[in-house]
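A.B. asks: Quick one: structure below, then a few questions.
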Amino acid sequence: MTIDNISLIVDLLILAAVTVFYTGFYVWFNFRRKDLDRATTGLRGGAFVLIVLAVVAGIVGLWGELTFPLFGSYNVFFFDPLTLFALLIGAFGLTVWFRLPTSFVGVFGVVVGCGIMLYGVRAYQLGLTSDPLETLLLYLAFGALAIGSIVPTLFVDWFIMGPKFPNVQPIASTETPEYPRMWTALLGAFMALTFLAGLAAMLYAFSIVWAHLA
């Protein structure tokens with residue numbers, strides 16, 4: 001018997017995107033109000049939720065890698081990126097929770113994002129799914145989101161956790177950005193990527209659930 005976990009995988013992606021978006025908005029809103037205590041607390045709350053999601057996604061991903069529930073290249077296509085994604089959000093959650101530099105996770109995210117995009121492009125070339133374009137867009141969106149994670153991790157290290165814990169800063173910095181408009185643009189672009197990734201996952205989930213429940 002083949003066990004189908006694809007809908008659960010997409011659901012986890014949606015939950016992760018929603019968590020990242022809300023956490024980002026929460027932190028930015030309170031940062032602009034100069035309320036770093038509330039911003040830090042919100043960041044840790046979001047980090048905890050991401051750790052929970054990472055545990056579930058990691059279990060599903062490793063189970064898929066070890067038991068080969070699907071067939072052929074589908075196992076690689078679905079469960080390799082899920083495992084990498086679980087590692088990424090789990091690492092971010094843990095570094096925030098233990099007040100460690102998160103920029104390491106941002107660098108990790110660049111590599112993971114490039115890998116996820118590669119999986120999506122190659123699967124599109126091979127026509128692995130019945131919805132090749134939608135699947136490609138999903139992989140490109142989350143790959144771009146992973147790559148873009150370098151921006152908020154640096155911002156967190158320098159301006160959210162850095163003022164209280166200067167040792168997490170990659171390079172010693174002032175407590176507020178010297179180029180606020182640049183950071184607003186970069187973080188705004190990341191939030192837009194998060195929204196688009198979540199939207200792509202929701203549209204894909206609708207297609208998957210509608211077809212798989214039938």
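Simple scheme: letters A, B, ... for chains in structure tokens order, numbers from 1 for residues in each chain, numbers from 1 for ligands in the order shown.
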Excluding A:Leu128 and its own-chain neighbours fewer than 3 positions away, which residues fall within 12 Å of it when counting only C-alpha atoms? Please give them as a list of chain:residue names.
C.D. replies: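 The filter keeps A:Phe71, A:Gly72, A:Ser73, A:Tyr74, A:Asn75, A:Val76, A:Phe77, A:Phe78, A:Tyr119, A:Gly120, A:Val121, A:Arg122, A:Ala123, A:Tyr124, A:Gln125, A:Asp131, A:Pro132, A:Leu133, A:Glu134, A:Thr135, A:Leu136.
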A.B. asks: Those residues with C-alpha atoms, as a compact mmCIF listing (two decimals), in the first residue's frame please?
C.D. replies:
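Output below, filename part.txt:
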```txt
# COMPACT_ATOMS: atom_id res chain seq x y z
CA PHE A 71 8.15 5.28 -6.26
CA GLY A 72 11.08 6.28 -8.43
CA SER A 73 12.27 9.87 -8.39
CA TYR A 74 9.16 11.19 -6.58
CA ASN A 75 10.70 10.16 -3.27
CA VAL A 76 13.74 12.34 -3.96
CA PHE A 77 11.65 15.17 -5.39
CA PHE A 78 9.31 15.58 -2.42
CA TYR A 119 14.82 20.34 -7.75
CA GLY A 120 11.86 22.31 -9.05
CA VAL A 121 13.43 23.18 -12.40
CA ARG A 122 14.63 19.63 -13.03
CA ALA A 123 11.24 18.15 -12.11
CA TYR A 124 9.58 20.61 -14.50
CA GLN A 125 11.93 19.50 -17.29
CA ASP A 131 0.65 20.11 -12.53
CA PRO A 132 4.21 20.89 -13.66
CA LEU A 133 3.88 24.69 -13.82
CA GLU A 134 2.19 25.01 -10.42
CA THR A 135 4.77 22.70 -8.87
CA LEU A 136 7.62 24.69 -10.42
```
A.B. asks: At a cut-off of 12 Å, using only C-alpha atoms, what residues contact stretch 163-165 of chain A? Leave out same-chain residues fewer than 6 positions from it and give the result as a list of chain:residue names.
C.D. replies: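 In the requested format, the answer is A:Phe31, A:Lys34, A:Asp35, A:Leu36, A:Asp37, A:Thr40, A:Val96, A:Phe98, A:Arg99, A:Leu100, A:Pro101, A:Phe155, A:Val156, A:Asp157, A:Ala172, A:Ser173, A:Thr174, A:Glu175, A:Thr176, A:Pro177.
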A.B. asks: Using DSSP on the backbone, list every residue of stretch 25-150 of chain A that comes out as alpha helix (DSSP H), and give them as a compact mmCIF listing (two decimals) with N, CA, C and O atoms, in the first residue's frame.
C.D. replies:
```txt
# COMPACT_ATOMS: atom_id res chain seq x y z
N PHE A 25 6.01 40.56 10.67
CA PHE A 25 5.19 41.77 10.86
C PHE A 25 5.23 42.20 12.32
O PHE A 25 5.38 43.39 12.63
N TYR A 26 5.09 41.24 13.23
CA TYR A 26 5.07 41.51 14.67
C TYR A 26 6.38 42.18 15.11
O TYR A 26 6.38 43.19 15.82
N VAL A 27 7.49 41.62 14.65
CA VAL A 27 8.80 42.13 15.05
C VAL A 27 9.03 43.52 14.46
O VAL A 27 9.48 44.44 15.14
N TRP A 28 8.73 43.68 13.17
CA TRP A 28 8.95 44.97 12.51
C TRP A 28 8.08 46.07 13.12
O TRP A 28 8.55 47.19 13.35
N PHE A 29 6.82 45.75 13.38
CA PHE A 29 5.90 46.73 13.96
C PHE A 29 6.42 47.23 15.30
O PHE A 29 6.44 48.44 15.57
N ASN A 30 6.86 46.32 16.16
CA ASN A 30 7.34 46.72 17.47
C ASN A 30 8.72 47.35 17.40
O ASN A 30 9.05 48.21 18.24
N PHE A 31 9.53 46.96 16.43
CA PHE A 31 10.82 47.62 16.23
C PHE A 31 10.62 49.08 15.87
O PHE A 31 11.32 49.96 16.40
N ARG A 32 9.65 49.35 14.99
CA ARG A 32 9.39 50.73 14.59
C ARG A 32 8.87 51.56 15.77
O ARG A 32 9.07 52.77 15.80
N LEU A 36 11.77 47.02 21.79
CA LEU A 36 12.57 45.83 21.50
C LEU A 36 12.21 44.65 22.38
O LEU A 36 12.36 43.51 21.96
N ASP A 37 11.75 44.92 23.58
CA ASP A 37 11.36 43.82 24.46
C ASP A 37 10.21 43.02 23.84
O ASP A 37 10.25 41.79 23.79
N ARG A 38 9.20 43.73 23.37
CA ARG A 38 8.06 43.05 22.75
C ARG A 38 8.47 42.41 21.41
O ARG A 38 8.01 41.33 21.07
N ALA A 39 9.34 43.07 20.67
CA ALA A 39 9.81 42.52 19.40
C ALA A 39 10.58 41.22 19.63
O ALA A 39 10.39 40.23 18.91
N THR A 40 11.43 41.21 20.66
CA THR A 40 12.21 40.01 20.96
C THR A 40 11.32 38.88 21.44
O THR A 40 11.50 37.72 21.05
N THR A 41 10.33 39.21 22.27
CA THR A 41 9.40 38.19 22.74
C THR A 41 8.62 37.59 21.59
O THR A 41 8.42 36.37 21.50
N GLY A 42 8.15 38.45 20.67
CA GLY A 42 7.44 37.95 19.50
C GLY A 42 8.31 37.09 18.63
O GLY A 42 7.86 36.07 18.07
N LEU A 43 9.58 37.48 18.48
CA LEU A 43 10.52 36.68 17.69
C LEU A 43 10.70 35.30 18.29
O LEU A 43 10.71 34.28 17.58
N ARG A 44 10.83 35.23 19.61
CA ARG A 44 11.00 33.93 20.26
C ARG A 44 9.72 33.09 20.16
O ARG A 44 9.79 31.87 20.04
N GLY A 45 8.56 33.76 20.21
CA GLY A 45 7.31 33.02 20.03
C GLY A 45 7.22 32.39 18.66
O GLY A 45 6.85 31.21 18.51
N GLY A 46 7.55 33.17 17.63
CA GLY A 46 7.56 32.63 16.28
C GLY A 46 8.59 31.53 16.12
O GLY A 46 8.34 30.53 15.42
N ALA A 47 9.74 31.70 16.76
CA ALA A 47 10.79 30.69 16.69
C ALA A 47 10.32 29.37 17.28
O ALA A 47 10.61 28.28 16.75
N PHE A 48 9.58 29.44 18.38
CA PHE A 48 9.08 28.22 19.00
C PHE A 48 8.12 27.48 18.07
O PHE A 48 8.20 26.25 17.94
N VAL A 49 7.24 28.22 17.43
CA VAL A 49 6.30 27.59 16.49
C VAL A 49 7.06 26.94 15.33
O VAL A 49 6.74 25.83 14.89
N LEU A 50 8.10 27.62 14.83
CA LEU A 50 8.88 27.06 13.74
C LEU A 50 9.61 25.79 14.17
O LEU A 50 9.78 24.86 13.37
N ILE A 51 10.05 25.73 15.42
CA ILE A 51 10.69 24.52 15.92
C ILE A 51 9.70 23.36 15.90
O ILE A 51 10.03 22.24 15.48
N VAL A 52 8.47 23.62 16.35
CA VAL A 52 7.44 22.58 16.34
C VAL A 52 7.17 22.09 14.92
O VAL A 52 7.12 20.89 14.64
N LEU A 53 7.02 23.04 13.99
CA LEU A 53 6.79 22.67 12.59
C LEU A 53 7.99 21.92 12.01
O LEU A 53 7.82 20.97 11.23
N ALA A 54 9.19 22.32 12.40
CA ALA A 54 10.39 21.65 11.91
C ALA A 54 10.46 20.20 12.38
O ALA A 54 10.87 19.31 11.62
N VAL A 55 10.05 19.96 13.62
CA VAL A 55 10.05 18.59 14.14
C VAL A 55 9.10 17.71 13.33
O VAL A 55 9.46 16.61 12.91
N VAL A 56 7.89 18.23 13.10
CA VAL A 56 6.91 17.44 12.34
C VAL A 56 7.38 17.24 10.91
O VAL A 56 7.35 16.12 10.38
N ALA A 57 7.84 18.32 10.26
CA ALA A 57 8.31 18.21 8.88
C ALA A 57 9.53 17.30 8.79
O ALA A 57 9.68 16.53 7.83
N GLY A 58 10.42 17.39 9.78
CA GLY A 58 11.60 16.54 9.77
C GLY A 58 11.26 15.07 9.91
O GLY A 58 11.86 14.21 9.25
N ILE A 59 10.28 14.76 10.76
CA ILE A 59 9.86 13.36 10.93
C ILE A 59 9.28 12.83 9.62
O ILE A 59 9.63 11.73 9.17
N VAL A 60 8.40 13.62 9.00
CA VAL A 60 7.80 13.20 7.73
C VAL A 60 8.87 13.06 6.65
O VAL A 60 8.88 12.09 5.88
N GLY A 61 9.78 14.04 6.61
CA GLY A 61 10.83 14.01 5.59
C GLY A 61 11.76 12.82 5.74
O GLY A 61 12.05 12.11 4.77
N LEU A 62 12.22 12.57 6.97
CA LEU A 62 13.14 11.44 7.19
C LEU A 62 12.42 10.11 6.98
O LEU A 62 13.00 9.16 6.45
N TRP A 63 11.17 10.04 7.41
CA TRP A 63 10.40 8.82 7.17
C TRP A 63 10.30 8.55 5.68
O TRP A 63 10.47 7.42 5.21
N GLY A 64 10.04 9.60 4.91
CA GLY A 64 9.95 9.44 3.47
C GLY A 64 11.27 9.03 2.86
O GLY A 64 11.32 8.20 1.94
N GLU A 65 12.36 9.61 3.37
CA GLU A 65 13.68 9.27 2.84
C GLU A 65 14.05 7.81 3.13
O GLU A 65 14.68 7.14 2.31
N LEU A 66 13.66 7.32 4.31
CA LEU A 66 14.11 6.00 4.75
C LEU A 66 13.21 4.85 4.33
O LEU A 66 13.66 3.71 4.22
N THR A 67 11.93 5.14 4.11
CA THR A 67 11.00 4.03 3.84
C THR A 67 10.54 3.96 2.38
O THR A 67 9.89 3.00 1.99
N TYR A 74 10.07 10.39 -7.39
CA TYR A 74 9.16 11.19 -6.58
C TYR A 74 9.62 11.25 -5.13
O TYR A 74 9.42 12.25 -4.45
N ASN A 75 10.21 10.17 -4.65
CA ASN A 75 10.70 10.16 -3.27
C ASN A 75 11.76 11.24 -3.07
O ASN A 75 11.72 12.00 -2.10
N VAL A 76 12.69 11.33 -4.02
CA VAL A 76 13.74 12.34 -3.96
C VAL A 76 13.14 13.74 -4.12
O VAL A 76 13.47 14.67 -3.38
N PHE A 77 12.22 13.87 -5.05
CA PHE A 77 11.65 15.17 -5.39
C PHE A 77 10.90 15.81 -4.22
O PHE A 77 11.02 17.01 -3.97
N PHE A 78 10.12 15.02 -3.50
CA PHE A 78 9.31 15.58 -2.42
C PHE A 78 10.03 15.62 -1.08
O PHE A 78 9.90 16.60 -0.33
N PHE A 79 10.77 14.59 -0.74
CA PHE A 79 11.26 14.47 0.63
C PHE A 79 12.65 15.07 0.84
O PHE A 79 12.98 15.44 1.97
N ASP A 80 13.48 15.17 -0.18
CA ASP A 80 14.75 15.88 -0.03
C ASP A 80 14.51 17.35 0.34
O ASP A 80 15.03 17.83 1.35
N PRO A 81 13.70 18.09 -0.45
CA PRO A 81 13.47 19.50 -0.10
C PRO A 81 12.76 19.67 1.24
O PRO A 81 13.06 20.62 1.97
N LEU A 82 11.84 18.76 1.57
CA LEU A 82 11.14 18.88 2.85
C LEU A 82 12.11 18.74 4.01
O LEU A 82 12.04 19.49 4.99
N THR A 83 13.03 17.79 3.92
CA THR A 83 14.01 17.60 4.98
C THR A 83 14.92 18.81 5.11
O THR A 83 15.21 19.27 6.23
N LEU A 84 15.36 19.36 3.98
CA LEU A 84 16.21 20.55 4.01
C LEU A 84 15.44 21.74 4.60
O LEU A 84 15.99 22.52 5.38
N PHE A 85 14.17 21.88 4.22
CA PHE A 85 13.35 22.98 4.74
C PHE A 85 13.16 22.85 6.24
O PHE A 85 13.20 23.85 6.98
N ALA A 86 12.95 21.61 6.72
CA ALA A 86 12.81 21.39 8.16
C ALA A 86 14.09 21.77 8.90
O ALA A 86 14.03 22.39 9.97
N LEU A 87 15.23 21.43 8.32
CA LEU A 87 16.51 21.80 8.93
C LEU A 87 16.65 23.32 9.01
O LEU A 87 17.13 23.86 10.01
N LEU A 88 16.22 24.00 7.96
CA LEU A 88 16.37 25.45 7.90
C LEU A 88 15.51 26.15 8.96
O LEU A 88 16.03 26.96 9.74
N ILE A 89 14.21 25.85 8.99
CA ILE A 89 13.35 26.55 9.95
C ILE A 89 13.65 26.11 11.38
O ILE A 89 13.53 26.90 12.32
N GLY A 90 14.05 24.84 11.54
CA GLY A 90 14.42 24.37 12.87
C GLY A 90 15.67 25.06 13.38
O GLY A 90 15.76 25.45 14.56
N ALA A 91 16.66 25.22 12.50
CA ALA A 91 17.90 25.89 12.89
C ALA A 91 17.64 27.34 13.27
O ALA A 91 18.20 27.85 14.24
N PHE A 92 16.77 28.01 12.51
CA PHE A 92 16.45 29.40 12.85
C PHE A 92 15.77 29.47 14.21
O PHE A 92 16.12 30.31 15.05
N GLY A 93 14.80 28.60 14.42
CA GLY A 93 14.10 28.61 15.69
C GLY A 93 15.03 28.38 16.87
O GLY A 93 14.95 29.07 17.89
N LEU A 94 15.95 27.45 16.72
CA LEU A 94 16.87 27.13 17.82
C LEU A 94 17.87 28.24 18.07
O LEU A 94 18.20 28.54 19.22
N THR A 95 18.37 28.87 17.00
CA THR A 95 19.34 29.95 17.21
C THR A 95 18.69 31.15 17.90
O THR A 95 19.31 31.80 18.75
N VAL A 96 17.45 31.43 17.54
CA VAL A 96 16.74 32.51 18.23
C VAL A 96 16.49 32.14 19.69
O VAL A 96 16.71 32.94 20.60
N TRP A 97 16.03 30.91 19.91
CA TRP A 97 15.67 30.49 21.26
C TRP A 97 16.87 30.50 22.20
O TRP A 97 16.75 30.86 23.36
N SER A 103 22.57 34.66 11.56
CA SER A 103 23.08 34.87 10.21
C SER A 103 23.66 33.58 9.62
O SER A 103 23.68 33.40 8.40
N PHE A 104 24.13 32.67 10.49
CA PHE A 104 24.60 31.37 9.99
C PHE A 104 23.47 30.64 9.28
O PHE A 104 23.67 29.98 8.26
N VAL A 105 22.26 30.77 9.84
CA VAL A 105 21.10 30.13 9.22
C VAL A 105 20.77 30.81 7.90
O VAL A 105 20.36 30.16 6.93
N GLY A 106 20.96 32.13 7.82
CA GLY A 106 20.73 32.84 6.57
C GLY A 106 21.64 32.35 5.46
O GLY A 106 21.20 32.17 4.31
N VAL A 107 22.92 32.13 5.78
CA VAL A 107 23.85 31.58 4.79
C VAL A 107 23.42 30.18 4.38
O VAL A 107 23.43 29.81 3.20
N PHE A 108 23.03 29.38 5.36
CA PHE A 108 22.49 28.04 5.11
C PHE A 108 21.27 28.13 4.19
O PHE A 108 21.09 27.32 3.27
N GLY A 109 20.44 29.14 4.43
CA GLY A 109 19.23 29.30 3.63
C GLY A 109 19.53 29.59 2.16
O GLY A 109 18.78 29.14 1.27
N VAL A 110 20.60 30.33 1.89
CA VAL A 110 20.98 30.60 0.50
C VAL A 110 21.28 29.30 -0.23
O VAL A 110 20.82 29.07 -1.36
N VAL A 111 22.02 28.41 0.43
CA VAL A 111 22.37 27.13 -0.19
C VAL A 111 21.13 26.25 -0.36
O VAL A 111 20.90 25.67 -1.42
N VAL A 112 20.31 26.18 0.69
CA VAL A 112 19.09 25.37 0.64
C VAL A 112 18.15 25.89 -0.45
O VAL A 112 17.57 25.12 -1.22
N GLY A 113 18.00 27.21 -0.53
CA GLY A 113 17.11 27.79 -1.53
C GLY A 113 17.53 27.48 -2.94
O GLY A 113 16.70 27.15 -3.80
N CYS A 114 18.83 27.57 -3.20
CA CYS A 114 19.33 27.23 -4.54
C CYS A 114 19.04 25.76 -4.86
O CYS A 114 18.65 25.41 -5.99
N GLY A 115 19.20 24.89 -3.85
CA GLY A 115 18.93 23.47 -4.06
C GLY A 115 17.46 23.20 -4.35
O GLY A 115 17.13 22.42 -5.26
N ILE A 116 16.57 23.85 -3.60
CA ILE A 116 15.13 23.66 -3.82
C ILE A 116 14.73 24.12 -5.22
O ILE A 116 13.94 23.46 -5.90
N MET A 117 15.28 25.23 -5.66
CA MET A 117 14.99 25.71 -7.01
C MET A 117 15.46 24.70 -8.06
O MET A 117 14.78 24.45 -9.06
N LEU A 118 16.64 24.14 -7.83
CA LEU A 118 17.18 23.15 -8.76
C LEU A 118 16.26 21.93 -8.87
O LEU A 118 15.99 21.44 -9.98
N TYR A 119 15.76 21.46 -7.74
CA TYR A 119 14.82 20.34 -7.75
C TYR A 119 13.58 20.70 -8.56
O TYR A 119 13.08 19.89 -9.36
N GLY A 120 13.07 21.90 -8.35
CA GLY A 120 11.86 22.31 -9.05
C GLY A 120 12.05 22.42 -10.55
O GLY A 120 11.21 21.95 -11.33
N VAL A 121 13.16 23.02 -10.97
CA VAL A 121 13.43 23.18 -12.40
C VAL A 121 13.62 21.83 -13.08
O VAL A 121 13.07 21.57 -14.16
N ARG A 122 14.39 20.94 -12.43
CA ARG A 122 14.63 19.63 -13.03
C ARG A 122 13.34 18.80 -13.11
O ARG A 122 13.10 18.13 -14.12
N ALA A 123 12.51 18.88 -12.09
CA ALA A 123 11.24 18.15 -12.11
C ALA A 123 10.34 18.69 -13.22
O ALA A 123 9.61 17.92 -13.87
N TYR A 124 10.39 20.01 -13.42
CA TYR A 124 9.58 20.61 -14.50
C TYR A 124 10.05 20.10 -15.86
O TYR A 124 9.24 19.78 -16.74
N GLN A 125 11.38 20.01 -16.03
CA GLN A 125 11.93 19.50 -17.29
C GLN A 125 11.51 18.06 -17.55
O GLN A 125 11.25 17.67 -18.69
N LEU A 126 11.42 17.28 -16.47
CA LEU A 126 11.07 15.86 -16.61
C LEU A 126 9.57 15.63 -16.61
O LEU A 126 9.11 14.52 -16.91
N PRO A 132 2.79 20.52 -13.65
CA PRO A 132 4.21 20.89 -13.66
C PRO A 132 4.46 22.37 -13.42
O PRO A 132 5.40 22.72 -12.68
N LEU A 133 3.64 23.26 -13.99
CA LEU A 133 3.88 24.69 -13.82
C LEU A 133 3.62 25.12 -12.38
O LEU A 133 4.42 25.86 -11.78
N GLU A 134 2.51 24.66 -11.80
CA GLU A 134 2.19 25.01 -10.42
C GLU A 134 3.24 24.49 -9.46
O GLU A 134 3.62 25.18 -8.50
N THR A 135 3.73 23.27 -9.73
CA THR A 135 4.77 22.70 -8.87
C THR A 135 6.06 23.49 -8.99
O THR A 135 6.74 23.76 -7.99
N LEU A 136 6.41 23.88 -10.21
CA LEU A 136 7.62 24.69 -10.42
C LEU A 136 7.51 26.01 -9.66
O LEU A 136 8.47 26.42 -8.98
N LEU A 137 6.37 26.67 -9.76
CA LEU A 137 6.20 27.95 -9.06
C LEU A 137 6.31 27.78 -7.55
O LEU A 137 6.87 28.63 -6.85
N LEU A 138 5.77 26.67 -7.03
CA LEU A 138 5.87 26.40 -5.59
C LEU A 138 7.33 26.26 -5.16
O LEU A 138 7.75 26.86 -4.17
N TYR A 139 8.09 25.50 -5.92
CA TYR A 139 9.50 25.29 -5.57
C TYR A 139 10.31 26.57 -5.74
O TYR A 139 11.20 26.86 -4.91
N LEU A 140 10.04 27.32 -6.78
CA LEU A 140 10.75 28.58 -6.98
C LEU A 140 10.43 29.57 -5.88
O LEU A 140 11.32 30.29 -5.39
N ALA A 141 9.17 29.62 -5.46
CA ALA A 141 8.76 30.56 -4.41
C ALA A 141 9.44 30.25 -3.09
O ALA A 141 9.99 31.15 -2.43
N PHE A 142 9.42 28.98 -2.69
CA PHE A 142 10.05 28.64 -1.41
C PHE A 142 11.57 28.65 -1.50
O PHE A 142 12.25 28.93 -0.50
N GLY A 143 12.11 28.37 -2.68
CA GLY A 143 13.55 28.51 -2.86
C GLY A 143 13.98 29.95 -2.70
O GLY A 143 14.97 30.26 -2.02
N ALA A 144 13.22 30.87 -3.32
CA ALA A 144 13.53 32.30 -3.19
C ALA A 144 13.37 32.77 -1.75
O ALA A 144 14.15 33.58 -1.26
N LEU A 145 12.36 32.24 -1.07
CA LEU A 145 12.15 32.60 0.33
C LEU A 145 13.33 32.16 1.19
O LEU A 145 13.80 32.90 2.06
N ALA A 146 13.84 30.95 0.94
CA ALA A 146 15.00 30.46 1.70
C ALA A 146 16.23 31.32 1.42
O ALA A 146 16.97 31.67 2.34
N ILE A 147 16.44 31.67 0.16
CA ILE A 147 17.57 32.53 -0.18
C ILE A 147 17.43 33.89 0.49
O ILE A 147 18.39 34.45 1.03
N GLY A 148 16.22 34.43 0.46
CA GLY A 148 15.98 35.74 1.05
C GLY A 148 16.10 35.78 2.56
O GLY A 148 16.15 36.87 3.15
N ILE A 150 18.52 35.42 4.32
CA ILE A 150 19.75 36.07 4.77
C ILE A 150 19.46 37.48 5.25
O ILE A 150 20.12 37.98 6.18
```
A.B. asks: Could you tell me how far atom CA of A:Phe195 sits from atom CA of A:Thr102, in Å to one decimal place?
C.D. replies: 21.6 Å
A.B. asks: Counting only C-alpha atoms, which residue out of A:Thr19, A:Ser207, A:Arg33, A:Ile14 sits closest to A:Ser130?
C.D. replies: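 The answer is A:Ser207, which sits nearest to A:Ser130.
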A.B. asks: Using only C-alpha atoms, find the one residue out of A:Arg181, A:Asn5, A:Gly24, A:Val18 that sits nearest to A:Ile160.
C.D. replies: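 Closest to A:Ile160 of all the choices is A:Gly24.
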A.B. asks: Which one is closest to A:Tyr204: A:Val151, A:Val10, A:Val20, A:Ala192? Count only C-alpha atoms.
C.D. replies: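 Closest candidate: A:Val10.
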